[in-house]
Each structure stands twice: as structure tokens, then as C-alpha cells.
$ cat protein-v3.cif   # mmCIF, C-alpha atoms (C1' of nucleotides)
data_final
loop_
_atom_site.label_atom_id
_atom_site.label_comp_id
_atom_site.auth_asym_id
_atom_site.auth_seq_id
_atom_site.Cartn_x
_atom_site.Cartn_y
_atom_site.Cartn_z
CA MET K 13 -2.00 21.60 -154.11
CA ASN K 14 -4.39 23.11 -151.64
CA ASN K 15 -6.56 25.03 -154.04
CA VAL K 16 -8.80 23.32 -156.54
CA VAL K 17 -9.44 26.46 -158.53
CA SER K 18 -6.55 28.73 -159.51
CA LEU K 19 -5.29 31.62 -157.43
CA GLY K 20 -7.90 33.32 -155.35
CA LEU K 21 -10.75 30.95 -154.86
CA THR K 22 -9.26 28.91 -152.05
CA LYS K 23 -11.17 26.19 -150.27
CA GLN K 24 -12.05 28.58 -147.45
CA ARG K 25 -13.48 31.08 -149.90
CA GLN K 26 -15.30 28.35 -151.75
CA ALA K 27 -16.93 27.27 -148.51
CA VAL K 28 -18.06 30.79 -147.70
CA LEU K 29 -19.31 31.31 -151.23
CA ARG K 30 -21.25 28.05 -151.14
CA VAL K 31 -22.89 29.02 -147.84
CA ILE K 32 -24.14 32.26 -149.29
CA GLN K 33 -25.22 30.82 -152.60
CA GLU K 34 -27.21 28.09 -150.88
CA SER K 35 -28.95 30.48 -148.49
CA GLU K 36 -32.15 32.32 -149.17
CA GLY K 37 -31.95 35.30 -146.89
CA HIS K 38 -29.52 37.93 -145.68
CA LEU K 39 -26.94 36.24 -143.50
CA THR K 40 -24.89 37.92 -140.83
CA ALA K 41 -21.14 37.26 -140.70
CA ASN K 42 -21.82 35.18 -137.62
CA GLU K 43 -24.28 32.97 -139.48
CA VAL K 44 -21.90 32.60 -142.40
CA PHE K 45 -19.24 31.51 -139.89
CA GLU K 46 -21.53 28.89 -138.32
CA TYR K 47 -22.50 27.37 -141.65
CA SER K 48 -19.00 27.53 -143.06
CA ARG K 49 -17.71 25.52 -140.13
CA ARG K 50 -19.96 22.64 -141.11
CA ILE K 51 -18.22 22.53 -144.47
CA LEU K 52 -14.73 23.36 -143.23
CA PRO K 53 -14.57 22.77 -139.46
CA GLY K 54 -11.26 24.53 -138.87
CA ILE K 55 -12.10 27.84 -140.52
CA SER K 56 -11.68 30.94 -138.38
CA PHE K 57 -13.92 33.94 -137.95
CA ALA K 58 -11.27 36.24 -139.36
CA THR K 59 -10.98 34.15 -142.49
CA VAL K 60 -14.72 34.33 -142.96
CA TYR K 61 -14.48 38.12 -142.82
CA ASN K 62 -11.53 38.13 -145.19
CA SER K 63 -13.42 35.87 -147.56
CA LEU K 64 -16.55 37.98 -147.43
CA ARG K 65 -14.54 41.06 -148.32
CA TYR K 66 -12.81 39.23 -151.15
CA LEU K 67 -16.02 37.81 -152.58
CA ARG K 68 -17.73 41.16 -152.36
CA ASN K 69 -14.85 42.88 -154.15
CA GLU K 70 -14.95 40.23 -156.85
CA GLY K 71 -18.64 40.89 -157.28
CA LEU K 72 -19.57 37.32 -156.35
CA ILE K 73 -21.83 38.18 -153.41
CA GLY K 74 -23.97 41.09 -152.31
CA GLU K 75 -23.49 43.10 -149.14
CA VAL K 76 -26.05 45.22 -147.31
CA ARG K 77 -24.50 47.88 -145.17
CA PHE K 78 -24.86 51.22 -146.89
CA GLY K 79 -21.17 52.00 -146.56
CA MET K 80 -21.42 52.93 -142.90
CA ASP K 81 -19.19 51.51 -140.21
CA CYS K 82 -21.04 52.97 -137.27
CA THR K 83 -24.17 54.81 -136.24
CA ARG K 84 -24.25 58.58 -136.57
CA TYR K 85 -26.23 61.23 -134.76
CA ASP K 86 -27.39 64.66 -135.85
CA ARG K 87 -29.73 67.48 -134.93
CA THR K 88 -31.91 67.15 -138.01
CA LEU K 89 -35.35 65.80 -137.22
CA THR K 90 -37.13 66.08 -140.53
CA ARG K 91 -37.19 63.28 -143.06
CA HIS K 92 -34.30 63.44 -145.49
CA ASP K 93 -31.97 61.32 -147.56
CA HIS K 94 -28.25 60.65 -147.49
CA ALA K 95 -25.28 60.41 -149.81
CA ILE K 96 -22.32 58.32 -148.64
CA CYS K 97 -18.86 58.44 -150.18
CA SER K 98 -17.54 55.01 -151.03
CA ARG K 99 -13.95 56.21 -150.80
CA CYS K 100 -13.74 58.36 -147.65
CA GLY K 101 -17.02 57.47 -145.97
CA SER K 102 -18.26 61.04 -145.65
CA LEU K 103 -21.99 61.37 -145.14
CA VAL K 104 -24.06 64.29 -146.35
CA ASP K 105 -27.74 65.14 -146.19
CA LEU K 106 -29.85 65.24 -149.26
CA ASP K 107 -33.41 66.28 -149.90
CA LEU K 108 -35.16 64.21 -152.48
CA PRO K 109 -38.91 64.73 -152.13
CA ILE K 110 -40.27 61.21 -152.44
CA PRO K 111 -43.51 60.83 -154.38
CA ASP K 112 -46.27 59.31 -152.30
CA GLU K 113 -46.89 56.61 -154.87
CA PHE K 114 -43.32 55.50 -154.29
CA LEU K 115 -44.01 54.75 -150.64
CA LYS K 116 -47.30 53.10 -151.53
CA LYS K 117 -45.57 50.86 -154.02
CA GLY K 118 -42.96 49.96 -151.42
CA GLU K 119 -45.67 48.99 -148.96
CA ARG K 120 -47.49 46.89 -151.50
CA LEU K 121 -44.38 45.01 -152.65
CA SER K 122 -42.89 44.42 -149.21
CA LYS K 123 -46.17 43.90 -147.33
CA PHE K 124 -44.70 46.18 -144.63
CA LYS K 125 -46.57 48.95 -142.86
CA ALA K 126 -44.27 51.84 -143.75
CA GLU K 127 -43.09 54.31 -141.13
CA SER K 128 -40.56 56.09 -143.28
CA ILE K 129 -38.71 55.78 -146.52
CA GLU K 130 -35.26 57.01 -147.34
CA VAL K 131 -32.94 57.07 -150.30
CA VAL K 132 -29.24 56.24 -149.99
CA LEU K 133 -26.94 57.41 -152.74
CA ARG K 134 -23.55 55.70 -152.85
CA GLY K 135 -20.76 57.27 -154.83
CA LEU K 136 -17.79 59.60 -154.75
CA CYS K 137 -17.95 62.88 -152.88
CA PRO K 138 -16.58 66.06 -154.53
CA GLU K 139 -13.27 65.73 -152.61
CA CYS K 140 -12.69 62.15 -153.74
CA VAL K 141 -13.60 63.13 -157.35
CA MET D 21 -31.18 68.88 -106.77
CA ASN D 22 -29.02 67.43 -109.49
CA ASN D 23 -31.30 68.04 -112.42
CA VAL D 24 -32.13 71.52 -113.65
CA VAL D 25 -34.99 70.35 -115.81
CA SER D 26 -37.56 67.93 -114.42
CA LEU D 27 -37.25 64.16 -114.55
CA GLY D 28 -35.50 62.84 -117.61
CA LEU D 29 -33.32 65.62 -118.91
CA THR D 30 -30.42 65.12 -116.52
CA LYS D 31 -27.25 67.11 -116.77
CA GLN D 32 -25.55 64.25 -118.65
CA ARG D 33 -28.34 64.19 -121.21
CA GLN D 34 -28.30 67.95 -121.49
CA ALA D 35 -24.59 67.85 -122.26
CA VAL D 36 -25.06 65.23 -124.98
CA LEU D 37 -28.00 67.14 -126.44
CA ARG D 38 -26.02 70.38 -126.49
CA VAL D 39 -23.12 68.69 -128.29
CA ILE D 40 -25.39 67.47 -131.03
CA GLN D 41 -27.35 70.67 -131.36
CA GLU D 42 -24.17 72.72 -131.67
CA SER D 43 -22.62 70.44 -134.29
CA GLU D 44 -23.13 70.73 -138.00
CA GLY D 45 -22.45 67.25 -139.23
CA HIS D 46 -23.18 63.63 -138.42
CA LEU D 47 -21.29 62.73 -135.28
CA THR D 48 -20.26 59.24 -134.28
CA ALA D 49 -20.89 58.10 -130.70
CA ASN D 50 -17.17 58.42 -130.15
CA GLU D 51 -17.17 62.07 -131.23
CA VAL D 52 -20.18 62.82 -129.07
CA PHE D 53 -18.28 61.29 -126.15
CA GLU D 54 -15.19 63.44 -126.75
CA TYR D 55 -17.18 66.66 -126.96
CA SER D 56 -19.43 65.77 -124.03
CA ARG D 57 -16.39 65.29 -121.82
CA ARG D 58 -15.42 68.91 -122.37
CA ILE D 59 -18.74 69.93 -120.90
CA LEU D 60 -18.96 67.22 -118.25
CA PRO D 61 -15.51 65.70 -117.72
CA GLY D 62 -16.66 62.69 -115.70
CA ILE D 63 -19.24 61.36 -118.13
CA SER D 64 -18.78 57.76 -119.25
CA PHE D 65 -19.07 56.24 -122.68
CA ALA D 66 -21.97 54.07 -121.60
CA THR D 67 -23.88 57.11 -120.39
CA VAL D 68 -23.35 58.77 -123.74
CA TYR D 69 -24.88 55.73 -125.41
CA ASN D 70 -27.75 55.68 -122.92
CA SER D 71 -28.33 59.37 -123.51
CA LEU D 72 -28.26 59.00 -127.29
CA ARG D 73 -30.88 56.27 -127.11
CA TYR D 74 -33.02 58.35 -124.76
CA LEU D 75 -32.78 61.50 -126.88
CA ARG D 76 -33.52 59.55 -130.04
CA ASN D 77 -36.58 57.94 -128.44
CA GLU D 78 -37.79 61.35 -127.29
CA GLY D 79 -37.43 62.61 -130.84
CA LEU D 80 -34.88 65.24 -129.84
CA ILE D 81 -32.08 64.06 -132.13
CA GLY D 82 -31.77 62.21 -135.40
CA GLU D 83 -30.01 58.91 -135.91
CA VAL D 84 -28.60 57.48 -139.13
CA ARG D 85 -28.30 53.73 -139.06
CA PHE D 86 -31.10 52.27 -141.17
CA GLY D 87 -32.18 49.96 -138.37
CA MET D 88 -29.34 47.54 -138.94
CA ASP D 89 -27.02 46.32 -136.22
CA CYS D 90 -24.61 44.52 -138.48
CA THR D 91 -23.65 43.91 -142.07
CA ARG D 92 -25.50 41.27 -144.03
CA TYR D 93 -24.52 39.17 -147.02
CA ASP D 94 -26.57 37.62 -149.75
CA ARG D 95 -26.31 36.02 -153.17
CA THR D 96 -28.25 38.71 -155.01
CA LEU D 97 -26.06 40.78 -157.26
CA THR D 98 -28.55 42.97 -159.06
CA ARG D 99 -29.52 46.38 -157.76
CA HIS D 100 -32.48 46.29 -155.42
CA ASP D 101 -34.00 47.96 -152.41
CA HIS D 102 -34.70 46.85 -148.85
CA ALA D 103 -37.41 46.95 -146.24
CA ILE D 104 -36.34 46.71 -142.59
CA CYS D 105 -38.68 45.94 -139.71
CA SER D 106 -38.31 48.42 -136.89
CA ARG D 107 -39.59 45.87 -134.35
CA CYS D 108 -37.85 42.59 -135.16
CA GLY D 109 -35.13 43.81 -137.51
CA SER D 110 -36.02 41.45 -140.35
CA LEU D 111 -34.70 42.51 -143.72
CA VAL D 112 -36.40 41.77 -147.02
CA ASP D 113 -35.62 42.60 -150.63
CA LEU D 114 -37.72 44.95 -152.61
CA ASP D 115 -37.72 45.99 -156.22
CA LEU D 116 -38.57 49.58 -156.79
CA PRO D 117 -37.45 50.56 -160.27
CA ILE D 118 -35.84 53.94 -159.72
CA PRO D 119 -36.42 56.56 -162.41
CA ASP D 120 -33.20 57.82 -163.92
CA GLU D 121 -34.13 61.42 -163.19
CA PHE D 122 -34.17 60.48 -159.51
CA LEU D 123 -30.53 59.50 -159.58
CA LYS D 124 -29.69 62.56 -161.63
CA LYS D 125 -31.39 64.79 -159.10
CA GLY D 126 -29.50 63.08 -156.29
CA GLU D 127 -26.21 63.70 -158.06
CA ARG D 128 -27.05 67.33 -158.66
CA LEU D 129 -28.10 68.03 -155.08
CA SER D 130 -25.29 66.11 -153.36
CA LYS D 131 -22.56 66.95 -155.89
CA PHE D 132 -21.56 63.28 -155.66
CA LYS D 133 -20.66 61.07 -158.59
CA ALA D 134 -23.28 58.36 -158.10
CA GLU D 135 -22.38 54.68 -158.23
CA SER D 136 -25.68 53.35 -157.02
CA ILE D 137 -28.87 54.44 -155.39
CA GLU D 138 -31.05 52.47 -153.05
CA VAL D 139 -34.31 52.94 -151.19
CA VAL D 140 -34.72 51.86 -147.57
CA LEU D 141 -38.22 51.39 -146.26
CA ARG D 142 -38.53 51.32 -142.49
CA GLY D 143 -41.68 49.98 -140.91
CA LEU D 144 -43.40 46.93 -139.51
CA CYS D 145 -43.13 43.57 -141.22
CA PRO D 146 -46.28 41.43 -141.64
CA GLU D 147 -45.42 39.33 -138.55
CA CYS D 148 -45.03 42.38 -136.33
CA VAL D 149 -48.27 43.85 -137.75
"C1'" DA G 7 14.94 21.29 -154.98
"C1'" DT G 8 15.60 26.31 -153.34
"C1'" DT G 9 14.29 30.70 -152.87
"C1'" DA G 10 11.89 35.08 -153.28
"C1'" DG G 11 7.83 37.42 -153.28
"C1'" DA G 12 2.95 37.70 -153.22
"C1'" DA G 13 -1.35 36.00 -151.37
"C1'" DT G 14 -3.84 34.07 -147.59
"C1'" DT G 15 -4.87 32.63 -142.97
"C1'" DG G 16 -6.27 33.19 -138.26
"C1'" DG G 17 -4.94 34.61 -133.30
"C1'" DA G 18 -4.92 38.80 -131.21
"C1'" DA G 19 -6.36 43.40 -130.92
"C1'" DT G 20 -9.51 47.04 -131.67
"C1'" DT G 21 -13.80 49.30 -132.07
"C1'" DA G 22 -18.82 49.58 -131.40
"C1'" DT G 23 -22.48 48.68 -128.54
"C1'" DT G 24 -25.20 46.64 -124.73
"C1'" DC G 25 -25.88 44.64 -120.12
"C1'" DT G 26 -26.70 45.03 -115.45
"C1'" DA G 27 -25.42 45.82 -110.63
"C1'" DA G 28 -24.93 49.80 -107.96
"C1'" DT G 29 -26.40 54.36 -107.13
"C1'" DC G 30 -29.30 58.36 -107.21
"C1'" DG G 31 -33.31 61.15 -106.61
"C1'" DC G 32 -38.05 61.72 -105.76
"C1'" DA G 33 -42.31 60.63 -103.20
"C1'" DT G 34 -44.65 58.83 -99.16
"C1'" DC G 35 -45.35 58.36 -94.58
"C1'" DA G 36 -44.12 57.94 -89.47
"C1'" DT E 7 -37.34 65.91 -90.37
"C1'" DG E 8 -35.62 61.69 -91.56
"C1'" DA E 9 -36.28 56.88 -92.72
"C1'" DT E 10 -38.01 53.81 -96.50
"C1'" DG E 11 -39.28 52.12 -100.95
"C1'" DC E 12 -38.99 52.29 -105.79
"C1'" DG E 13 -38.34 53.58 -110.43
"C1'" DA E 14 -34.87 56.12 -113.14
"C1'" DT E 15 -30.15 56.76 -114.26
"C1'" DT E 16 -25.27 55.94 -114.34
"C1'" DA E 17 -21.09 53.74 -115.66
"C1'" DG E 18 -17.88 49.61 -115.08
"C1'" DA E 19 -17.78 45.38 -117.13
"C1'" DA E 20 -19.04 42.36 -120.68
"C1'" DT E 21 -20.24 41.24 -125.30
"C1'" DA E 22 -20.48 41.63 -130.25
"C1'" DA E 23 -18.69 43.21 -134.64
"C1'" DT E 24 -14.85 43.98 -137.32
"C1'" DT E 25 -9.97 44.67 -138.52
"C1'" DC E 26 -4.94 44.16 -137.98
"C1'" DC E 27 -0.79 42.06 -138.87
"C1'" DA E 28 2.67 38.41 -138.05
"C1'" DA E 29 3.13 33.80 -139.47
"C1'" DT E 30 2.28 30.66 -142.98
"C1'" DT E 31 1.26 28.90 -147.47
"C1'" DC E 32 1.42 29.03 -152.34
"C1'" DT E 33 3.39 30.09 -156.95
"C1'" DA E 34 6.69 30.81 -160.12
"C1'" DA E 35 11.30 31.45 -161.46
"C1'" DT E 36 15.99 29.55 -161.07
#

$ encode --input "protein-v3.cif" --output "C-alpha cells"
Amino acid sequence: MNNVVSLGLTKQRQAVLRVIQESEGHLTANEVFEYSRRILPGISFATVYNSLRYLRNEGLIGEVRFGMDCTRYDRTLTRHDHAICSRCGSLVDLDLPIPDEFLKKGERLSKFKAESIEVVLRGLCPECV
Amino acid sequence: MNNVVSLGLTKQRQAVLRVIQESEGHLTANEVFEYSRRILPGISFATVYNSLRYLRNEGLIGEVRFGMDCTRYDRTLTRHDHAICSRCGSLVDLDLPIPDEFLKKGERLSKFKAESIEVVLRGLCPECV
DNA sequence: ATTAGAATTGGAATTATTCTAATCGCATCA
DNA sequence: TGATGCGATTAGAATAATTCCAATTCTAAT
């Protein structure tokens, strides 16, 4: 019996989950790999990625990536927002005028000096229903 | 004389710029490479990347990437926003309660079925001043 | 126990991006 | 005019991020 908990939460996945739950910040996959190895020395990078995907799908961890798999370039220079389809990945422009108080509040809460602010809407595009 | 326009806008960069200006959507670097080759068959992938960085720095093209170079994972499961430092890349959480009308407006304008909405603040973190 | 099928792992491959040595092009001067 | 020096630019090679898929492991049914 390899797995303590029933189907799904294997010891590899438990290690990865523990790493994330015990961390404060926003870890990269590389960092998760490093820490996971201390718990489970033989674990592979690919398994860390598999586990991260599994845990994210199960809703056990959060992921910051905005649904993009690579950088995109366009001719638009003015500030604008984006909608990204969670099924097909399509990316469309959006113009949501952002109230100035919104930016001010962001600056105050984050203690950042804001250069720009942008909204990302994740959901299903018209084609994907 | 290799360059039509003075220092900087070389023929490689002109090709990349033309590709982006003549496109409607949000091209990946790979797509820019394919199209650029039709204009300048010998151009290399690395030069396309160099050109994209140059053109972005000059403010001639737009880039969608939110300042992140890889996916990050955390233990937070509730909806929240992020601030990203444009100097050091540090990523911090932010809580900007988003008015419901904001999401509604996003849905209306994009024609997407929204799953979530998130604000990204780009700027300088306290350490980077 | 044996076996069949589904779930999981991780080495290998792929994709995205950056590094850096070589080259190019302009300016200066003999 | 044609070296010479030097910063800018290019692109092959390397690295980093992520995914693929064949082999293995696990579970449940016999």
C-alpha cells in the first residue's frame, strides 16, 4: 500500500501539497521541485508538474498564470484589458475604463508605485459557449 | 548601407514591425517568426525575439504577458488580485473588491461567459522604489 | 493469486526564451 | 581612401519552462 490516503492523493502529491501549504509566497514550479525533494528525494520534475496540475484541478492550490502559455504581441499601444478563454485560449481586447480611485486603492494596498493597471477576465469565449 | 532608416530600425526590425502592424490579433513569437520569414527569409528566431524586445522598449508595439516569466503556485484559494514589480518581478497579493457591474460590463463587451475577473497592477515594489 | 483496466510516474521530448561570441556598420583619423 | 576602434546587431547555441507518453503501479474483480 503505497498511498496513505485513498486514490488520488499519493505521497508525491502530498509532498507537493505540503510544500505549497507551508509556504508564504508564490512559488515557481522550480522552487516547488526543490522543496519537494527534501521531503521525497526521488521525486521528478515531471511529477511535480503533474501534481501541480492535479492539485489545481482539485481546487487545493491556487495558480497565477492568467491562462496564457506564452507571450503575445500586438499593434495596440493604448491601455486596455483582456479576456482569455479558459477552453481554447483565445485572447481578445476589452476596454473597461478603470476609475482612478481603483488605481489609487491598488497603490495604497500594495504599497507599489503603479505604472499601469489591467483587468483580466477569464471565461468562455462565444465559440466555446 | 544596410539600413534604410537610421541607426536602430534595421531591416530585420522593420520586417518584424510590419508583421505586427499588419496583423489584427495577438501574435505569438512563433507566428511573428513565420510571417517575418516571408518578408526576410534568412531571419532567425533569436533575431525576432531581439526585435520584439527592442520594439516593445521603443513603445512601437504592445506586449501581453503581465510581467511574469513563469507560472506561480500558492495556497490561497479565494479570488484576489496581484501587483507585479516591473523591475524585480516580485509578485504580491492584493484585495480589490470588484463591483459586480464591472464583471457584467466585461461580459457584455467581450461576449465571454465570465468565470473570474482579476486586476493586475504593474509598477515598482517598495524595494525598487 | 491472477488479470484487466485505470491512474500515476518520470525520462525524454518539445516549446519558449535568453545568452553571448561573432559580425556588422558607423565614425575617426592617418 | 583605407585602416582601426567600438558600440550595435545578429543568430547559433544554450538554457529554462512545460508537456508527452511509454512504462509502471495500483485497485478491484474473479

$ interface_residues --input "protein-v3.cif" --of "chain E" --to "chain K" --cutoff "9 Å" --atoms "only C-alpha atoms (C1' of nucleotides)" --output "list in words"
DA23, DT24, DT25, DC32 and DT33 of chain E

$ atom_distance --input "protein-v3.cif" --atom1 "CA of Glu139 (chain K)" --atom2 "CA of Val104 (chain K)"
12.6 Å

$ resolve_selection --input "protein-v3.cif" --expression "the PyMOL selection byres ((chain K) within 12 of (chain G))" --output "ChimeraX atom specification"
/K:14-15,19-25,54-63,66,81-84

$ resolve_selection --input "protein-v3.cif" --expression "the PyMOL selection byres ((chain K) within 6 of (chain D))" --output "MDAnalysis selection string"
chainID K and resid 32:33 38:40 73:77 83:89 124:138

$ write_last_selection --input "protein-v3.cif" --atoms "C-alpha atoms" --output "PDB file, in the coordinates of the input"
ATOM      1  CA  ILE K  32     -24.140  32.260-149.290  1.00  0.00           C
ATOM      2  CA  GLN K  33     -25.220  30.820-152.600  1.00  0.00           C
ATOM      3  CA  HIS K  38     -29.520  37.930-145.680  1.00  0.00           C
ATOM      4  CA  LEU K  39     -26.940  36.240-143.500  1.00  0.00           C
ATOM      5  CA  THR K  40     -24.890  37.920-140.830  1.00  0.00           C
ATOM      6  CA  ILE K  73     -21.830  38.180-153.410  1.00  0.00           C
ATOM      7  CA  GLY K  74     -23.970  41.090-152.310  1.00  0.00           C
ATOM      8  CA  GLU K  75     -23.490  43.100-149.140  1.00  0.00           C
ATOM      9  CA  VAL K  76     -26.050  45.220-147.310  1.00  0.00           C
ATOM     10  CA  ARG K  77     -24.500  47.880-145.170  1.00  0.00           C
ATOM     11  CA  THR K  83     -24.170  54.810-136.240  1.00  0.00           C
ATOM     12  CA  ARG K  84     -24.250  58.580-136.570  1.00  0.00           C
ATOM     13  CA  TYR K  85     -26.230  61.230-134.760  1.00  0.00           C
ATOM     14  CA  ASP K  86     -27.390  64.660-135.850  1.00  0.00           C
ATOM     15  CA  ARG K  87     -29.730  67.480-134.930  1.00  0.00           C
ATOM     16  CA  THR K  88     -31.910  67.150-138.010  1.00  0.00           C
ATOM     17  CA  LEU K  89     -35.350  65.800-137.220  1.00  0.00           C
ATOM     18  CA  PHE K 124     -44.700  46.180-144.630  1.00  0.00           C
ATOM     19  CA  LYS K 125     -46.570  48.950-142.860  1.00  0.00           C
ATOM     20  CA  ALA K 126     -44.270  51.840-143.750  1.00  0.00           C
ATOM     21  CA  GLU K 127     -43.090  54.310-141.130  1.00  0.00           C
ATOM     22  CA  SER K 128     -40.560  56.090-143.280  1.00  0.00           C
ATOM     23  CA  ILE K 129     -38.710  55.780-146.520  1.00  0.00           C
ATOM     24  CA  GLU K 130     -35.260  57.010-147.340  1.00  0.00           C
ATOM     25  CA  VAL K 131     -32.940  57.070-150.300  1.00  0.00           C
ATOM     26  CA  VAL K 132     -29.240  56.240-149.990  1.00  0.00           C
ATOM     27  CA  LEU K 133     -26.940  57.410-152.740  1.00  0.00           C
ATOM     28  CA  ARG K 134     -23.550  55.700-152.850  1.00  0.00           C
ATOM     29  CA  GLY K 135     -20.760  57.270-154.830  1.00  0.00           C
ATOM     30  CA  LEU K 136     -17.790  59.600-154.750  1.00  0.00           C
ATOM     31  CA  CYS K 137     -17.950  62.880-152.880  1.00  0.00           C
ATOM     32  CA  PRO K 138     -16.580  66.060-154.530  1.00  0.00           C
TER      33      PRO K 138
END

$ atom_distance --input "protein-v3.cif" --atom1 "C1' of DA20 (chain E)" --atom2 "CA of Ser48 (chain K)"
26.8 Å

$ atom_distance --input "protein-v3.cif" --atom1 "CA of Val36 (chain D)" --atom2 "CA of Arg73 (chain D)"
10.9 Å

$ axis_aligned_box --input "protein-v3.cif" --around "region 18-24 of chain G" --padding-each-side "5 Å" --output "JSON"
{"center_x": -15.1, "center_y": 44.2, "center_z": -128.4, "size_x": 30.3, "size_y": 20.8, "size_z": 17.3}

$ closest_residue --input "protein-v3.cif" --among "K:Glu113, K:Arg120, K:Ala27, K:Asn69" --to "Arg49 (chain K)" --atoms "all atoms listed in the file"
K:Ala27

$ decode --input "protein-v3.cif" --residues "region 24-107 of chain K" --atoms "C-alpha atoms" --output "PDB file, in the first residue's frame"
ATOM      1  CA  GLN K  24       4.170  12.597  -4.249  1.00  0.00           C
ATOM      2  CA  ARG K  25       1.098  14.793  -4.388  1.00  0.00           C
ATOM      3  CA  GLN K  26       1.005  15.048  -0.631  1.00  0.00           C
ATOM      4  CA  ALA K  27       4.596  16.270  -0.649  1.00  0.00           C
ATOM      5  CA  VAL K  28       3.863  18.915  -3.256  1.00  0.00           C
ATOM      6  CA  LEU K  29       0.718  19.989  -1.433  1.00  0.00           C
ATOM      7  CA  ARG K  30       2.592  20.269   1.850  1.00  0.00           C
ATOM      8  CA  VAL K  31       5.292  22.418   0.234  1.00  0.00           C
ATOM      9  CA  ILE K  32       2.722  24.867  -1.028  1.00  0.00           C
ATOM     10  CA  GLN K  33       0.656  24.933   2.117  1.00  0.00           C
ATOM     11  CA  GLU K  34       3.719  25.615   4.244  1.00  0.00           C
ATOM     12  CA  SER K  35       4.986  28.424   2.012  1.00  0.00           C
ATOM     13  CA  GLU K  36       4.032  32.044   2.293  1.00  0.00           C
ATOM     14  CA  GLY K  37       4.628  33.377  -1.177  1.00  0.00           C
ATOM     15  CA  HIS K  38       4.113  32.481  -4.807  1.00  0.00           C
ATOM     16  CA  LEU K  39       6.394  29.592  -5.651  1.00  0.00           C
ATOM     17  CA  THR K  40       7.646  28.724  -9.099  1.00  0.00           C
ATOM     18  CA  ALA K  41       7.485  25.097 -10.251  1.00  0.00           C
ATOM     19  CA  ASN K  42      11.239  25.020  -9.834  1.00  0.00           C
ATOM     20  CA  GLU K  43      11.005  26.073  -6.201  1.00  0.00           C
ATOM     21  CA  VAL K  44       8.259  23.558  -5.535  1.00  0.00           C
ATOM     22  CA  PHE K  45      10.545  20.902  -7.028  1.00  0.00           C
ATOM     23  CA  GLU K  46      13.474  21.893  -4.792  1.00  0.00           C
ATOM     24  CA  TYR K  47      11.403  21.818  -1.619  1.00  0.00           C
ATOM     25  CA  SER K  48       9.557  18.656  -2.567  1.00  0.00           C
ATOM     26  CA  ARG K  49      12.852  16.841  -2.970  1.00  0.00           C
ATOM     27  CA  ARG K  50      13.657  17.486   0.663  1.00  0.00           C
ATOM     28  CA  ILE K  51      10.505  15.622   1.616  1.00  0.00           C
ATOM     29  CA  LEU K  52      10.672  12.980  -1.102  1.00  0.00           C
ATOM     30  CA  PRO K  53      14.209  12.866  -2.521  1.00  0.00           C
ATOM     31  CA  GLY K  54      13.413  10.749  -5.572  1.00  0.00           C
ATOM     32  CA  ILE K  55      10.582  12.844  -6.964  1.00  0.00           C
ATOM     33  CA  SER K  56      10.967  14.028 -10.552  1.00  0.00           C
ATOM     34  CA  PHE K  57      10.308  17.394 -12.096  1.00  0.00           C
ATOM     35  CA  ALA K  58       7.615  15.955 -14.327  1.00  0.00           C
ATOM     36  CA  THR K  59       5.791  14.517 -11.354  1.00  0.00           C
ATOM     37  CA  VAL K  60       5.870  17.899  -9.664  1.00  0.00           C
ATOM     38  CA  TYR K  61       4.219  19.384 -12.742  1.00  0.00           C
ATOM     39  CA  ASN K  62       1.683  16.575 -12.877  1.00  0.00           C
ATOM     40  CA  SER K  63       0.936  17.058  -9.202  1.00  0.00           C
ATOM     41  CA  LEU K  64       0.566  20.810  -9.556  1.00  0.00           C
ATOM     42  CA  ARG K  65      -1.942  20.326 -12.348  1.00  0.00           C
ATOM     43  CA  TYR K  66      -3.843  17.737 -10.329  1.00  0.00           C
ATOM     44  CA  LEU K  67      -3.943  19.853  -7.186  1.00  0.00           C
ATOM     45  CA  ARG K  68      -5.029  22.894  -9.141  1.00  0.00           C
ATOM     46  CA  ASN K  69      -7.826  20.952 -10.830  1.00  0.00           C
ATOM     47  CA  GLU K  70      -8.964  19.651  -7.465  1.00  0.00           C
ATOM     48  CA  GLY K  71      -9.074  23.198  -6.188  1.00  0.00           C
ATOM     49  CA  LEU K  72      -6.483  22.509  -3.496  1.00  0.00           C
ATOM     50  CA  ILE K  73      -3.952  25.133  -4.588  1.00  0.00           C
ATOM     51  CA  GLY K  74      -4.001  28.431  -6.440  1.00  0.00           C
ATOM     52  CA  GLU K  75      -2.217  29.148  -9.699  1.00  0.00           C
ATOM     53  CA  VAL K  76      -1.198  32.520 -11.105  1.00  0.00           C
ATOM     54  CA  ARG K  77      -0.782  32.488 -14.837  1.00  0.00           C
ATOM     55  CA  PHE K  78      -3.768  34.172 -16.431  1.00  0.00           C
ATOM     56  CA  GLY K  79      -4.401  31.255 -18.754  1.00  0.00           C
ATOM     57  CA  MET K  80      -1.587  32.184 -21.117  1.00  0.00           C
ATOM     58  CA  ASP K  81       1.075  29.771 -22.258  1.00  0.00           C
ATOM     59  CA  CYS K  82       3.269  32.305 -23.993  1.00  0.00           C
ATOM     60  CA  THR K  83       3.800  35.995 -24.566  1.00  0.00           C
ATOM     61  CA  ARG K  84       1.800  37.723 -27.271  1.00  0.00           C
ATOM     62  CA  TYR K  85       2.467  40.817 -29.321  1.00  0.00           C
ATOM     63  CA  ASP K  86       0.122  43.297 -30.942  1.00  0.00           C
ATOM     64  CA  ARG K  87      -0.011  46.716 -32.540  1.00  0.00           C
ATOM     65  CA  THR K  88      -2.224  48.271 -29.887  1.00  0.00           C
ATOM     66  CA  LEU K  89      -0.387  50.794 -27.761  1.00  0.00           C
ATOM     67  CA  THR K  90      -3.133  52.243 -25.634  1.00  0.00           C
ATOM     68  CA  ARG K  91      -4.058  50.849 -22.255  1.00  0.00           C
ATOM     69  CA  HIS K  92      -6.694  48.159 -22.450  1.00  0.00           C
ATOM     70  CA  ASP K  93      -7.890  44.973 -20.825  1.00  0.00           C
ATOM     71  CA  HIS K  94      -8.098  41.360 -21.934  1.00  0.00           C
ATOM     72  CA  ALA K  95     -10.469  38.428 -21.912  1.00  0.00           C
ATOM     73  CA  ILE K  96      -8.939  34.948 -22.131  1.00  0.00           C
ATOM     74  CA  CYS K  97     -10.879  31.800 -22.961  1.00  0.00           C
ATOM     75  CA  SER K  98     -10.249  29.020 -20.482  1.00  0.00           C
ATOM     76  CA  ARG K  99     -11.152  26.375 -23.054  1.00  0.00           C
ATOM     77  CA  CYS K 100      -9.413  27.393 -26.294  1.00  0.00           C
ATOM     78  CA  GLY K 101      -7.028  30.050 -25.016  1.00  0.00           C
ATOM     79  CA  SER K 102      -8.194  32.773 -27.382  1.00  0.00           C
ATOM     80  CA  LEU K 103      -7.329  36.286 -26.284  1.00  0.00           C
ATOM     81  CA  VAL K 104      -9.407  39.348 -27.063  1.00  0.00           C
ATOM     82  CA  ASP K 105      -9.096  43.017 -26.218  1.00  0.00           C
ATOM     83  CA  LEU K 106     -11.506  44.707 -23.933  1.00  0.00           C
ATOM     84  CA  ASP K 107     -11.994  48.289 -22.902  1.00  0.00           C
TER      85      ASP K 107
END
